[in-house]
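Raw contents of run.cif, mmCIF, C-alpha atoms and all ligand atoms:
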```
data_coords
loop_
_atom_site.group_PDB
_atom_site.id
_atom_site.type_symbol
_atom_site.label_atom_id
_atom_site.label_comp_id
_atom_site.auth_asym_id
_atom_site.auth_seq_id
_atom_site.Cartn_x
_atom_site.Cartn_y
_atom_site.Cartn_z
ATOM 1 C CA MET A 1 230.465 213.473 -27.526
ATOM 2 C CA ALA A 2 228.475 212.006 -24.680
ATOM 3 C CA SER A 3 224.932 210.700 -24.646
ATOM 4 C CA ILE A 4 222.539 210.819 -21.730
ATOM 5 C CA ALA A 5 219.255 208.921 -21.452
ATOM 6 C CA VAL A 6 216.383 210.108 -19.284
ATOM 7 C CA TYR A 7 214.690 206.817 -18.545
ATOM 8 C CA SER A 8 212.226 205.043 -16.324
ATOM 9 C CA VAL A 9 209.865 202.123 -16.698
ATOM 10 C CA LYS A 10 207.155 204.438 -15.335
ATOM 11 C CA GLY A 11 205.237 207.189 -17.082
ATOM 12 C CA GLY A 12 204.420 210.564 -15.562
ATOM 13 C CA VAL A 13 207.584 210.766 -13.445
ATOM 14 C CA GLY A 14 208.970 213.835 -15.232
ATOM 15 C CA LYS A 15 211.220 212.265 -17.902
ATOM 16 C CA THR A 16 210.192 214.480 -20.793
ATOM 17 C CA THR A 17 210.209 217.657 -18.709
ATOM 18 C CA LEU A 18 213.669 216.840 -17.384
ATOM 19 C CA ALA A 19 215.068 215.817 -20.785
ATOM 20 C CA VAL A 20 213.955 219.110 -22.366
ATOM 21 C CA ASN A 21 215.284 221.227 -19.521
ATOM 22 C CA LEU A 22 218.612 219.381 -19.348
ATOM 23 C CA ALA A 23 219.011 219.775 -23.108
ATOM 24 C CA TRP A 24 218.429 223.506 -22.653
ATOM 25 C CA CYS A 25 221.110 223.611 -19.915
ATOM 26 C CA ALA A 26 223.538 221.698 -22.156
ATOM 27 C CA SER A 27 223.125 224.145 -25.028
ATOM 28 C CA THR A 28 222.561 227.420 -23.187
ATOM 29 C CA ILE A 29 224.631 227.102 -20.013
ATOM 30 C CA SER A 30 227.387 224.734 -21.201
ATOM 31 C CA ARG A 31 227.350 225.977 -24.826
ATOM 32 C CA ARG A 32 227.385 222.384 -26.040
ATOM 33 C CA LYS A 33 226.048 221.539 -29.447
ATOM 34 C CA THR A 34 223.101 219.447 -28.268
ATOM 35 C CA LEU A 35 220.610 217.064 -29.844
ATOM 36 C CA LEU A 36 217.445 216.149 -27.968
ATOM 37 C CA TRP A 37 216.295 212.822 -29.392
ATOM 38 C CA ASP A 38 212.666 212.072 -28.642
ATOM 39 C CA LEU A 39 212.066 208.310 -28.672
ATOM 40 C CA ASP A 40 208.554 208.470 -27.226
ATOM 41 C CA ALA A 41 205.798 208.376 -29.853
ATOM 42 C CA ALA A 42 203.849 210.924 -27.797
ATOM 43 C CA ASN A 43 206.310 213.596 -29.058
ATOM 44 C CA GLY A 44 206.297 215.449 -25.733
ATOM 45 C CA SER A 45 209.772 216.932 -26.190
ATOM 46 C CA GLY A 46 208.815 218.577 -29.472
ATOM 47 C CA PHE A 47 205.702 219.980 -27.856
ATOM 48 C CA LEU A 48 207.634 221.444 -24.916
ATOM 49 C CA LEU A 49 210.156 223.045 -27.272
ATOM 50 C CA GLY A 50 207.432 224.596 -29.407
ATOM 51 C CA VAL A 51 208.416 222.532 -32.465
ATOM 52 C CA ASP A 52 205.343 221.333 -34.342
ATOM 53 C CA PRO A 53 205.448 218.055 -36.268
ATOM 54 C CA ARG A 54 206.083 218.229 -40.005
ATOM 55 C CA LYS A 55 205.823 214.709 -41.342
ATOM 56 C CA LYS A 56 203.525 212.191 -39.730
ATOM 57 C CA HIS A 57 205.248 208.842 -40.164
ATOM 58 C CA SER A 58 208.984 209.014 -40.581
ATOM 59 C CA ALA A 59 210.698 208.950 -37.183
ATOM 60 C CA ASP A 60 211.333 205.203 -37.436
ATOM 61 C CA SER A 61 212.785 205.472 -40.951
ATOM 62 C CA ILE A 62 216.292 206.287 -39.707
ATOM 63 C CA PHE A 63 216.451 202.913 -37.988
ATOM 64 C CA ALA A 64 216.167 201.204 -41.339
ATOM 65 C CA ASP A 65 219.703 200.930 -42.725
ATOM 66 C CA GLY A 66 220.976 203.886 -44.672
ATOM 67 C CA SER A 67 218.503 206.630 -43.763
ATOM 68 C CA ASP A 68 220.122 209.862 -42.645
ATOM 69 C CA PRO A 69 218.969 211.265 -39.280
ATOM 70 C CA ALA A 70 219.939 214.759 -40.495
ATOM 71 C CA LYS A 71 216.854 214.747 -42.733
ATOM 72 C CA LEU A 72 214.577 214.657 -39.698
ATOM 73 C CA ILE A 73 216.544 216.895 -37.336
ATOM 74 C CA ARG A 74 214.917 220.239 -36.599
ATOM 75 C CA ARG A 75 216.357 223.502 -35.336
ATOM 76 C CA THR A 76 214.772 224.896 -32.185
ATOM 77 C CA ALA A 77 214.427 228.482 -30.997
ATOM 78 C CA TYR A 78 217.555 227.944 -28.883
ATOM 79 C CA GLU A 79 221.103 228.411 -30.119
ATOM 80 C CA GLY A 80 222.928 225.083 -30.292
ATOM 81 C CA LEU A 81 219.852 222.968 -29.496
ATOM 82 C CA ASP A 82 218.406 220.679 -32.172
ATOM 83 C CA LEU A 83 215.555 218.195 -31.931
ATOM 84 C CA LEU A 84 215.064 214.784 -33.472
ATOM 85 C CA PRO A 85 211.299 214.609 -33.090
ATOM 86 C CA ALA A 86 209.124 211.596 -32.426
ATOM 87 C CA ASP A 87 205.949 210.578 -34.167
ATOM 88 C CA GLU A 88 203.433 207.740 -34.267
ATOM 89 C CA SER A 89 205.769 205.536 -36.306
ATOM 90 C CA LEU A 90 207.850 204.950 -33.146
ATOM 91 C CA ARG A 91 205.023 202.883 -31.658
ATOM 92 C CA SER A 92 206.217 199.905 -33.665
ATOM 93 C CA LEU A 93 209.946 200.687 -33.384
ATOM 94 C CA ASP A 94 210.534 197.973 -30.805
ATOM 95 C CA ARG A 95 209.211 195.229 -33.135
ATOM 96 C CA HIS A 96 211.101 196.847 -36.006
ATOM 97 C CA LEU A 97 214.388 196.661 -34.035
ATOM 98 C CA ASP A 98 213.661 193.075 -33.013
ATOM 99 C CA ARG A 99 213.181 192.138 -36.651
ATOM 100 C CA LEU A 100 216.333 193.983 -37.745
ATOM 101 C CA GLY A 101 218.295 191.943 -35.204
ATOM 102 C CA LYS A 102 221.030 194.594 -34.952
ATOM 103 C CA LYS A 103 221.614 195.133 -31.278
ATOM 104 C CA ARG A 104 223.712 198.242 -31.713
ATOM 105 C CA ARG A 105 221.600 199.991 -34.329
ATOM 106 C CA LEU A 106 220.882 202.989 -32.101
ATOM 107 C CA ALA A 107 224.481 203.075 -30.810
ATOM 108 C CA LYS A 108 225.702 203.187 -34.429
ATOM 109 C CA LEU A 109 223.373 206.082 -35.230
ATOM 110 C CA VAL A 110 224.703 207.913 -32.175
ATOM 111 C CA GLU A 111 228.286 207.322 -33.332
ATOM 112 C CA GLY A 112 227.358 208.825 -36.682
ATOM 113 C CA LEU A 113 225.981 211.935 -34.993
ATOM 114 C CA ALA A 114 229.083 212.452 -32.843
ATOM 115 C CA LYS A 115 230.706 214.681 -35.473
ATOM 116 C CA ASP A 116 227.823 217.166 -35.253
ATOM 117 C CA TYR A 117 226.972 217.126 -31.533
ATOM 118 C CA ASP A 118 228.701 217.328 -28.159
ATOM 119 C CA ARG A 119 225.710 216.037 -26.203
ATOM 120 C CA ILE A 120 222.816 213.775 -27.212
ATOM 121 C CA ILE A 121 219.940 213.508 -24.750
ATOM 122 C CA PHE A 122 217.301 210.783 -25.116
ATOM 123 C CA ASP A 123 213.747 211.285 -23.956
ATOM 124 C CA CYS A 124 212.730 207.641 -23.513
ATOM 125 C CA PRO A 125 209.315 206.001 -23.490
ATOM 126 C CA PRO A 126 208.398 204.095 -20.289
ATOM 127 C CA VAL A 127 209.159 200.659 -21.695
ATOM 128 C CA LEU A 128 211.458 197.750 -21.030
ATOM 129 C CA ASN A 129 212.063 196.154 -24.402
ATOM 130 C CA GLU A 130 214.539 196.007 -27.271
ATOM 131 C CA LEU A 131 214.359 199.792 -27.686
ATOM 132 C CA SER A 132 215.296 200.475 -24.056
ATOM 133 C CA ALA A 133 218.042 197.833 -24.300
ATOM 134 C CA GLN A 134 219.437 199.668 -27.342
ATOM 135 C CA VAL A 135 219.307 202.960 -25.423
ATOM 136 C CA MET A 136 221.314 201.350 -22.600
ATOM 137 C CA ARG A 137 223.906 200.217 -25.145
ATOM 138 C CA ALA A 138 224.128 203.709 -26.637
ATOM 139 C CA ALA A 139 224.077 205.913 -23.517
ATOM 140 C CA ASP A 140 227.050 207.034 -21.423
ATOM 141 C CA LEU A 141 224.809 207.921 -18.478
ATOM 142 C CA VAL A 142 221.227 207.139 -17.521
ATOM 143 C CA ILE A 143 219.145 209.576 -15.468
ATOM 144 C CA VAL A 144 216.178 208.008 -13.662
ATOM 145 C CA PRO A 145 213.601 210.469 -12.286
ATOM 146 C CA LEU A 146 211.877 209.006 -9.244
ATOM 147 C CA PRO A 147 208.767 210.287 -7.536
ATOM 148 C CA PRO A 148 209.603 210.992 -3.871
ATOM 149 C CA SER A 149 208.268 208.250 -1.629
ATOM 150 C CA PRO A 150 209.660 206.073 1.167
ATOM 151 C CA LEU A 151 209.866 203.435 -1.559
ATOM 152 C CA SER A 152 212.039 205.547 -3.898
ATOM 153 C CA ALA A 153 215.166 203.554 -3.157
ATOM 154 C CA ARG A 154 213.297 200.322 -3.880
ATOM 155 C CA ALA A 155 211.815 201.783 -7.073
ATOM 156 C CA PHE A 156 215.327 202.744 -8.167
ATOM 157 C CA GLU A 157 216.627 199.245 -7.448
ATOM 158 C CA VAL A 158 213.835 197.831 -9.607
ATOM 159 C CA VAL A 159 214.912 200.020 -12.541
ATOM 160 C CA VAL A 160 218.559 199.031 -12.026
ATOM 161 C CA GLU A 161 217.640 195.330 -11.891
ATOM 162 C CA GLU A 162 215.574 195.662 -15.029
ATOM 163 C CA VAL A 163 218.313 197.519 -16.849
ATOM 164 C CA ARG A 164 220.823 194.877 -15.736
ATOM 165 C CA GLY A 165 218.521 192.154 -16.953
ATOM 166 C CA SER A 166 218.386 193.703 -20.402
ATOM 167 C CA GLY A 167 222.108 193.289 -21.018
ATOM 168 C CA LYS A 168 225.392 192.273 -19.419
ATOM 169 C CA THR A 169 226.812 195.756 -19.141
ATOM 170 C CA HIS A 170 225.046 199.036 -18.635
ATOM 171 C CA PRO A 171 226.096 202.654 -18.198
ATOM 172 C CA PRO A 172 226.150 204.390 -14.797
ATOM 173 C CA ILE A 173 222.652 205.186 -13.551
ATOM 174 C CA LEU A 174 221.907 208.392 -11.648
ATOM 175 C CA PRO A 175 218.668 208.556 -9.630
ATOM 176 C CA VAL A 176 216.955 211.928 -9.271
ATOM 177 C CA LEU A 177 214.123 212.708 -6.866
ATOM 178 C CA SER A 178 211.698 214.520 -9.119
ATOM 179 C CA MET A 179 208.712 216.645 -8.107
ATOM 180 C CA ILE A 180 209.737 216.931 -4.476
ATOM 181 C CA ASP A 181 207.742 219.078 -2.045
ATOM 182 C CA LEU A 182 209.575 219.346 1.275
ATOM 183 C CA ARG A 183 206.417 220.488 3.066
ATOM 184 C CA ARG A 184 205.120 216.945 2.676
ATOM 185 C CA SER A 185 206.413 214.563 5.310
ATOM 186 C CA LEU A 186 206.738 211.587 2.950
ATOM 187 C CA HIS A 187 208.751 213.686 0.504
ATOM 188 C CA LYS A 188 210.960 214.867 3.360
ATOM 189 C CA GLU A 189 211.521 211.266 4.418
ATOM 190 C CA ALA A 190 212.459 210.293 0.879
ATOM 191 C CA ARG A 191 214.937 213.192 0.806
ATOM 192 C CA GLU A 192 216.466 212.223 4.147
ATOM 193 C CA ALA A 193 216.719 208.568 3.168
ATOM 194 C CA ASN A 194 218.635 209.464 -0.020
ATOM 195 C CA PRO A 195 220.659 212.553 0.883
ATOM 196 C CA THR A 196 223.075 212.287 -2.038
ATOM 197 C CA TRP A 197 220.457 212.089 -4.782
ATOM 198 C CA PRO A 198 219.853 215.253 -6.798
ATOM 199 C CA VAL A 199 216.449 216.851 -6.252
ATOM 200 C CA ILE A 200 214.076 218.640 -8.612
ATOM 201 C CA PRO A 201 211.392 220.551 -6.707
ATOM 202 C CA LEU A 202 207.701 220.241 -7.443
ATOM 203 C CA ALA A 203 207.160 223.686 -8.944
ATOM 204 C CA SER A 204 204.428 225.453 -10.840
ATOM 205 C CA ALA A 205 207.166 227.062 -12.971
ATOM 206 C CA VAL A 206 208.073 223.571 -14.227
ATOM 207 C CA GLU A 207 204.425 222.764 -14.933
ATOM 208 C CA GLN A 208 204.204 226.014 -16.881
ATOM 209 C CA CYS A 209 206.701 224.619 -19.418
ATOM 210 C CA ALA A 210 203.735 222.881 -21.083
ATOM 211 C CA VAL A 211 201.807 226.168 -21.257
ATOM 212 C CA GLU A 212 204.703 228.360 -22.396
ATOM 213 C CA ARG A 213 206.103 225.523 -24.529
ATOM 214 C CA LYS A 214 209.563 226.567 -23.400
ATOM 215 C CA PRO A 215 212.235 225.235 -21.030
ATOM 216 C CA VAL A 216 211.803 226.767 -17.591
ATOM 217 C CA GLY A 217 215.155 228.563 -17.790
ATOM 218 C CA ALA A 218 213.884 230.456 -20.839
ATOM 219 C CA PHE A 219 210.924 232.087 -19.082
ATOM 220 C CA ALA A 220 211.688 231.837 -15.339
ATOM 221 C CA PRO A 221 215.482 232.103 -15.211
ATOM 222 C CA ARG A 222 215.613 232.999 -11.527
ATOM 223 C CA SER A 223 213.194 230.371 -10.220
ATOM 224 C CA PRO A 224 214.437 227.766 -7.714
ATOM 225 C CA ALA A 225 213.450 225.061 -10.205
ATOM 226 C CA THR A 226 215.732 226.540 -12.889
ATOM 227 C CA ARG A 227 218.558 226.590 -10.357
ATOM 228 C CA ALA A 228 217.916 222.967 -9.317
ATOM 229 C CA ILE A 229 217.921 221.769 -12.924
ATOM 230 C CA ALA A 230 221.118 223.700 -13.665
ATOM 231 C CA GLN A 231 222.731 222.114 -10.581
ATOM 232 C CA LEU A 232 221.715 218.685 -11.805
ATOM 233 C CA TRP A 233 223.214 219.482 -15.201
ATOM 234 C CA THR A 234 226.505 220.492 -13.549
ATOM 235 C CA ALA A 235 226.509 217.189 -11.626
ATOM 236 C CA ILE A 236 225.928 215.320 -14.900
ATOM 237 C CA GLU A 237 228.802 217.140 -16.633
ATOM 238 C CA ARG A 238 231.013 216.284 -13.679
ATOM 239 C CA LYS A 239 230.059 212.596 -13.898
ATOM 240 C CA LEU A 240 230.758 212.561 -17.643
ATOM 241 C CA ALA A 241 234.147 214.197 -17.110
ATOM 242 C CA ALA A 242 235.043 211.577 -14.477
ATOM 243 C CA LYS A 243 234.331 208.665 -16.843
HETATM 244 N N1 LIG A 301 209.266 219.348 -11.156
HETATM 245 C C1 LIG A 301 207.971 219.360 -11.520
HETATM 246 N N2 LIG A 301 207.078 220.143 -10.884
HETATM 247 C C2 LIG A 301 205.777 220.143 -11.237
HETATM 248 N N3 LIG A 301 205.268 219.423 -12.232
HETATM 249 C C3 LIG A 301 206.092 218.621 -12.926
HETATM 250 C C4 LIG A 301 207.492 218.542 -12.619
HETATM 251 N N4 LIG A 301 208.069 217.662 -13.489
HETATM 252 C C5 LIG A 301 207.082 217.223 -14.295
HETATM 253 N N5 LIG A 301 205.888 217.788 -13.955
HETATM 254 C C6 LIG A 301 204.588 217.541 -14.586
HETATM 255 O O1 LIG A 301 204.282 216.159 -14.472
HETATM 256 C C7 LIG A 301 203.629 215.683 -15.630
HETATM 257 C C8 LIG A 301 204.392 214.507 -16.222
HETATM 258 O O2 LIG A 301 205.647 214.964 -16.665
HETATM 259 P P1 LIG A 301 206.390 214.350 -17.930
HETATM 260 O O3 LIG A 301 207.695 215.061 -18.046
HETATM 261 O O4 LIG A 301 205.501 214.343 -19.124
HETATM 262 O O5 LIG A 301 206.630 212.842 -17.441
HETATM 263 P P2 LIG A 301 207.021 211.529 -18.278
HETATM 264 O O6 LIG A 301 207.775 211.955 -19.491
HETATM 265 O O7 LIG A 301 207.848 210.728 -17.314
HETATM 266 O O8 LIG A 301 205.740 210.834 -18.599
HETATM 267 C C9 LIG A 301 203.522 216.869 -16.578
HETATM 268 O O9 LIG A 301 202.263 217.440 -16.440
HETATM 269 C C10 LIG A 301 204.596 217.823 -16.076
HETATM 270 O O10 LIG A 301 204.278 219.173 -16.327
HETATM 271 MG MG MG A 302 207.540 211.494 -21.536
#
```
Can the structure from this file be put into structure tokens for me?
Amino acid sequence: MASIAVYSVKGGVGKTTLAVNLAWCASTISRRKTLLWDLDAANGSGFLLGVDPRKKHSADSIFADGSDPAKLIRRTAYEGLDLLPADESLRSLDRHLDRLGKKRRLAKLVEGLAKDYDRIIFDCPPVLNELSAQVMRAADLVIVPLPPSPLSARAFEVVVEEVRGSGKTHPPILPVLSMIDLRRSLHKEAREANPTWPVIPLASAVEQCAVERKPVGAFAPRSPATRAIAQLWTAIERKLAAK
């Protein structure tokens, strides 16, 4: 089992969209038994997968000792892809974890899920706190979507510094230029300045995920965006295999 966090301290950079689409690649392309774990109270992952909330305030209950995550896990319309949905209760999860004082609570939950899943993907909220520190302790790889700008490399360094500051060790961090439009000169510059970083194009097909409430591969399988996301997934699998 390997776990992958899609993380940034910024909102609106494409974390949720990427997490959902990578989870779809893991289950559909790689045939991995996959759990998408939504840690953002906004519940964007559930929305994009067409899974409507059932209970209002229970997502934080599994962090209290003894509660079984299986009770909250939902099937999705996709073979091999399950969802651990978020809800409003996660807004206070950070304080909850602080109070618990168990630094590896999330990592322990992940270990418990390893018998049922090959891949766990975290959709993270844009925070730097005890929750994000626990994610860093639990994840084997961290994907950081970055908006394309001449400052992308600096923005990435900031995330790395912040992650480093939250604990002595941290997993490998993979930057991804998200929402790139090569017709724009600043985007082109960002691409040229970071030629080895994976790229996700700015695409209306990706935006449509929120309308269709499906991963892009499920309704636009031949779009360039679907191909780019699948390529990123292959790169991630390669990184995990090299660990
Ligand atoms: N590659 C892309 N092309 C076009 N729009 C995108 C792309 N990735 C994300 N978006 C849009 O950007 C907005 C923010 O994305 P989201 O995944 O919710 O970001 P975050 O989780 O980081 O806040 C959404 O409206 C989403 O549809
Ligand atoms: Mg999000």
Item to check | Env. residues ligand LIG 301 (chain A) / 8 Å / all atoms listed in the file / as a PyMOL selection string | outcome: chain A and resi 7-8+10-19+44+123-126+145+178-180+200-210+225
Could you take the residues named above and write them with C-alpha atoms, as a PDB file, in the frame of the given file?
```
ATOM      1  CA  TYR A   7     214.690 206.817 -18.545  1.00  0.00           C
ATOM      2  CA  SER A   8     212.226 205.043 -16.324  1.00  0.00           C
ATOM      3  CA  LYS A  10     207.155 204.438 -15.335  1.00  0.00           C
ATOM      4  CA  GLY A  11     205.237 207.189 -17.082  1.00  0.00           C
ATOM      5  CA  GLY A  12     204.420 210.564 -15.562  1.00  0.00           C
ATOM      6  CA  VAL A  13     207.584 210.766 -13.445  1.00  0.00           C
ATOM      7  CA  GLY A  14     208.970 213.835 -15.232  1.00  0.00           C
ATOM      8  CA  LYS A  15     211.220 212.265 -17.902  1.00  0.00           C
ATOM      9  CA  THR A  16     210.192 214.480 -20.793  1.00  0.00           C
ATOM     10  CA  THR A  17     210.209 217.657 -18.709  1.00  0.00           C
ATOM     11  CA  LEU A  18     213.669 216.840 -17.384  1.00  0.00           C
ATOM     12  CA  ALA A  19     215.068 215.817 -20.785  1.00  0.00           C
ATOM     13  CA  GLY A  44     206.297 215.449 -25.733  1.00  0.00           C
ATOM     14  CA  ASP A 123     213.747 211.285 -23.956  1.00  0.00           C
ATOM     15  CA  CYS A 124     212.730 207.641 -23.513  1.00  0.00           C
ATOM     16  CA  PRO A 125     209.315 206.001 -23.490  1.00  0.00           C
ATOM     17  CA  PRO A 126     208.398 204.095 -20.289  1.00  0.00           C
ATOM     18  CA  PRO A 145     213.601 210.469 -12.286  1.00  0.00           C
ATOM     19  CA  SER A 178     211.698 214.520  -9.119  1.00  0.00           C
ATOM     20  CA  MET A 179     208.712 216.645  -8.107  1.00  0.00           C
ATOM     21  CA  ILE A 180     209.737 216.931  -4.476  1.00  0.00           C
ATOM     22  CA  ILE A 200     214.076 218.640  -8.612  1.00  0.00           C
ATOM     23  CA  PRO A 201     211.392 220.551  -6.707  1.00  0.00           C
ATOM     24  CA  LEU A 202     207.701 220.241  -7.443  1.00  0.00           C
ATOM     25  CA  ALA A 203     207.160 223.686  -8.944  1.00  0.00           C
ATOM     26  CA  SER A 204     204.428 225.453 -10.840  1.00  0.00           C
ATOM     27  CA  ALA A 205     207.166 227.062 -12.971  1.00  0.00           C
ATOM     28  CA  VAL A 206     208.073 223.571 -14.227  1.00  0.00           C
ATOM     29  CA  GLU A 207     204.425 222.764 -14.933  1.00  0.00           C
ATOM     30  CA  GLN A 208     204.204 226.014 -16.881  1.00  0.00           C
ATOM     31  CA  CYS A 209     206.701 224.619 -19.418  1.00  0.00           C
ATOM     32  CA  ALA A 210     203.735 222.881 -21.083  1.00  0.00           C
ATOM     33  CA  ALA A 225     213.450 225.061 -10.205  1.00  0.00           C
TER      34      ALA A 225
END
```
Checklist entry - Of the residues A:Gly165, A:Gly46, A:Pro221, A:Pro171, which is the one nearest to ligand MG 302 (chain A), using only C-alpha atoms and all ligand atoms? => result A:Gly46
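When atom CA of Asp40 of chain A is paired with atom CA of Trp24 of chain A, their separation reads 18.6 Å.
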Item to check | Explicit residues for the PyMOL selection byres (((chain A and resi 107) around 9) and not hetatm) (as a PyMOL selection string) | outcome: chain A and resi 103-106+108-112+134-139
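Straight-line separation from atom CA of Thr169 of chain A to atom CA of Ser45 of chain A: 28.1 Å.
Counting all atoms listed in the file and comparing A:Val199, A:Leu131, A:Leu84, A:Arg119, the residue that lies closest to Arg99 of chain A is A:Leu131.
Note that atom CA of Tyr78 of chain A and atom CA of Ser27 of chain A are 7.8 Å apart.
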Checklist entry - Hey, what's within 10 Å of Met1 of chain A if we count all atoms listed in the file and toss same-chain stuff fewer than 5 positions away? As a PyMOL selection string, please? => result chain A and resi 32-34+110-111+113-120+140+240
May I have the protein, DNA and RNA residues with an atom at most 10 Å from (219.1, 225.0, -29.3), counting all atoms listed in the file in the file's coordinates, returned as a PDB file with C-alpha atoms, in the coordinates of the input?
```pdb
ATOM      1  CA  ALA A  23     219.011 219.775 -23.108  1.00  0.00           C
ATOM      2  CA  TRP A  24     218.429 223.506 -22.653  1.00  0.00           C
ATOM      3  CA  CYS A  25     221.110 223.611 -19.915  1.00  0.00           C
ATOM      4  CA  ALA A  26     223.538 221.698 -22.156  1.00  0.00           C
ATOM      5  CA  SER A  27     223.125 224.145 -25.028  1.00  0.00           C
ATOM      6  CA  THR A  28     222.561 227.420 -23.187  1.00  0.00           C
ATOM      7  CA  ARG A  31     227.350 225.977 -24.826  1.00  0.00           C
ATOM      8  CA  ARG A  32     227.385 222.384 -26.040  1.00  0.00           C
ATOM      9  CA  LYS A  33     226.048 221.539 -29.447  1.00  0.00           C
ATOM     10  CA  THR A  34     223.101 219.447 -28.268  1.00  0.00           C
ATOM     11  CA  LEU A  35     220.610 217.064 -29.844  1.00  0.00           C
ATOM     12  CA  LEU A  36     217.445 216.149 -27.968  1.00  0.00           C
ATOM     13  CA  LEU A  49     210.156 223.045 -27.272  1.00  0.00           C
ATOM     14  CA  ARG A  74     214.917 220.239 -36.599  1.00  0.00           C
ATOM     15  CA  ARG A  75     216.357 223.502 -35.336  1.00  0.00           C
ATOM     16  CA  THR A  76     214.772 224.896 -32.185  1.00  0.00           C
ATOM     17  CA  ALA A  77     214.427 228.482 -30.997  1.00  0.00           C
ATOM     18  CA  TYR A  78     217.555 227.944 -28.883  1.00  0.00           C
ATOM     19  CA  GLU A  79     221.103 228.411 -30.119  1.00  0.00           C
ATOM     20  CA  GLY A  80     222.928 225.083 -30.292  1.00  0.00           C
ATOM     21  CA  LEU A  81     219.852 222.968 -29.496  1.00  0.00           C
ATOM     22  CA  ASP A  82     218.406 220.679 -32.172  1.00  0.00           C
ATOM     23  CA  LEU A  83     215.555 218.195 -31.931  1.00  0.00           C
TER      24      LEU A  83
END
```
Next on the checklist: I need the residue nearest ligand MG 302 (chain A) from this list: A:Val163, A:Val127, A:Leu93, A:Leu186. Use only C-alpha atoms and all ligand atoms for the distance.
Outcome noted: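 Nearest candidate to ligand MG 302 (chain A) out of A:Val163, A:Val127, A:Leu93, A:Leu186: A:Val127.
Each of A:Lys102, A:Phe122, A:Ser30, A:Pro150 was checked against ligand MG 302 (chain A) using all atoms listed in the file; the smallest atom-to-atom distance is that of A:Phe122.
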Next on the checklist: I want to know what sits within 12 Å of Gln231 of chain A, based on all atoms listed in the file, with residues of the same chain fewer than 2 positions away left out; could you give that as number ranges by chain?
Outcome noted: A: 21-22, 25-26, 29-30, 176, 197-200, 224-229, 233-238
Prev. selection, C-alpha atoms, output as a PDB file, in the coordinates of the input:
```pdb
ATOM      1  CA  ASN A  21     215.284 221.227 -19.521  1.00  0.00           C
ATOM      2  CA  LEU A  22     218.612 219.381 -19.348  1.00  0.00           C
ATOM      3  CA  CYS A  25     221.110 223.611 -19.915  1.00  0.00           C
ATOM      4  CA  ALA A  26     223.538 221.698 -22.156  1.00  0.00           C
ATOM      5  CA  ILE A  29     224.631 227.102 -20.013  1.00  0.00           C
ATOM      6  CA  SER A  30     227.387 224.734 -21.201  1.00  0.00           C
ATOM      7  CA  VAL A 176     216.955 211.928  -9.271  1.00  0.00           C
ATOM      8  CA  TRP A 197     220.457 212.089  -4.782  1.00  0.00           C
ATOM      9  CA  PRO A 198     219.853 215.253  -6.798  1.00  0.00           C
ATOM     10  CA  VAL A 199     216.449 216.851  -6.252  1.00  0.00           C
ATOM     11  CA  ILE A 200     214.076 218.640  -8.612  1.00  0.00           C
ATOM     12  CA  PRO A 224     214.437 227.766  -7.714  1.00  0.00           C
ATOM     13  CA  ALA A 225     213.450 225.061 -10.205  1.00  0.00           C
ATOM     14  CA  THR A 226     215.732 226.540 -12.889  1.00  0.00           C
ATOM     15  CA  ARG A 227     218.558 226.590 -10.357  1.00  0.00           C
ATOM     16  CA  ALA A 228     217.916 222.967  -9.317  1.00  0.00           C
ATOM     17  CA  ILE A 229     217.921 221.769 -12.924  1.00  0.00           C
ATOM     18  CA  TRP A 233     223.214 219.482 -15.201  1.00  0.00           C
ATOM     19  CA  THR A 234     226.505 220.492 -13.549  1.00  0.00           C
ATOM     20  CA  ALA A 235     226.509 217.189 -11.626  1.00  0.00           C
ATOM     21  CA  ILE A 236     225.928 215.320 -14.900  1.00  0.00           C
ATOM     22  CA  GLU A 237     228.802 217.140 -16.633  1.00  0.00           C
ATOM     23  CA  ARG A 238     231.013 216.284 -13.679  1.00  0.00           C
TER      24      ARG A 238
END
```
Next on the checklist: Applying the PyMOL selection byres (((chain A and resi 152) around 10) and not hetatm) to the file I just gave you, which residues come out? Please list them as an MDAnalysis selection string.
Outcome noted: chainID A and resid 145:151 153:158 175:177 187 190:191 193:194
Write the residues of the preceding selection, restricted to C-alpha atoms, as a CSV table (one decimal), in the coordinates of the input.
```
chain,number,residue,atom,x,y,z
A,145,PRO,CA,213.6,210.5,-12.3
A,146,LEU,CA,211.9,209.0,-9.2
A,147,PRO,CA,208.8,210.3,-7.5
A,148,PRO,CA,209.6,211.0,-3.9
A,149,SER,CA,208.3,208.2,-1.6
A,150,PRO,CA,209.7,206.1,1.2
A,151,LEU,CA,209.9,203.4,-1.6
A,153,ALA,CA,215.2,203.6,-3.2
A,154,ARG,CA,213.3,200.3,-3.9
A,155,ALA,CA,211.8,201.8,-7.1
A,156,PHE,CA,215.3,202.7,-8.2
A,157,GLU,CA,216.6,199.2,-7.4
A,158,VAL,CA,213.8,197.8,-9.6
A,175,PRO,CA,218.7,208.6,-9.6
A,176,VAL,CA,217.0,211.9,-9.3
A,177,LEU,CA,214.1,212.7,-6.9
A,187,HIS,CA,208.8,213.7,0.5
A,190,ALA,CA,212.5,210.3,0.9
A,191,ARG,CA,214.9,213.2,0.8
A,193,ALA,CA,216.7,208.6,3.2
A,194,ASN,CA,218.6,209.5,0.0
```
Next on the checklist: Using all atoms listed in the file for the distances, tell me which of A:Ala64, A:Leu174, A:Ala86, A:Ala59 is nearest to ligand MG 302 (chain A).
Outcome noted: A:Ala86
Can you sort out the box for segment 43-62 of chain A, edges along x, y and z, all listed atoms in, 6 Å on every side, with centre and edge lengths in Å to one decimal, as lines of an AutoDock Vina configuration file?
```
center_x = 209.9
center_y = 214.9
center_z = -33.1
size_x = 24.8
size_y = 31.4
size_z = 28.4
```
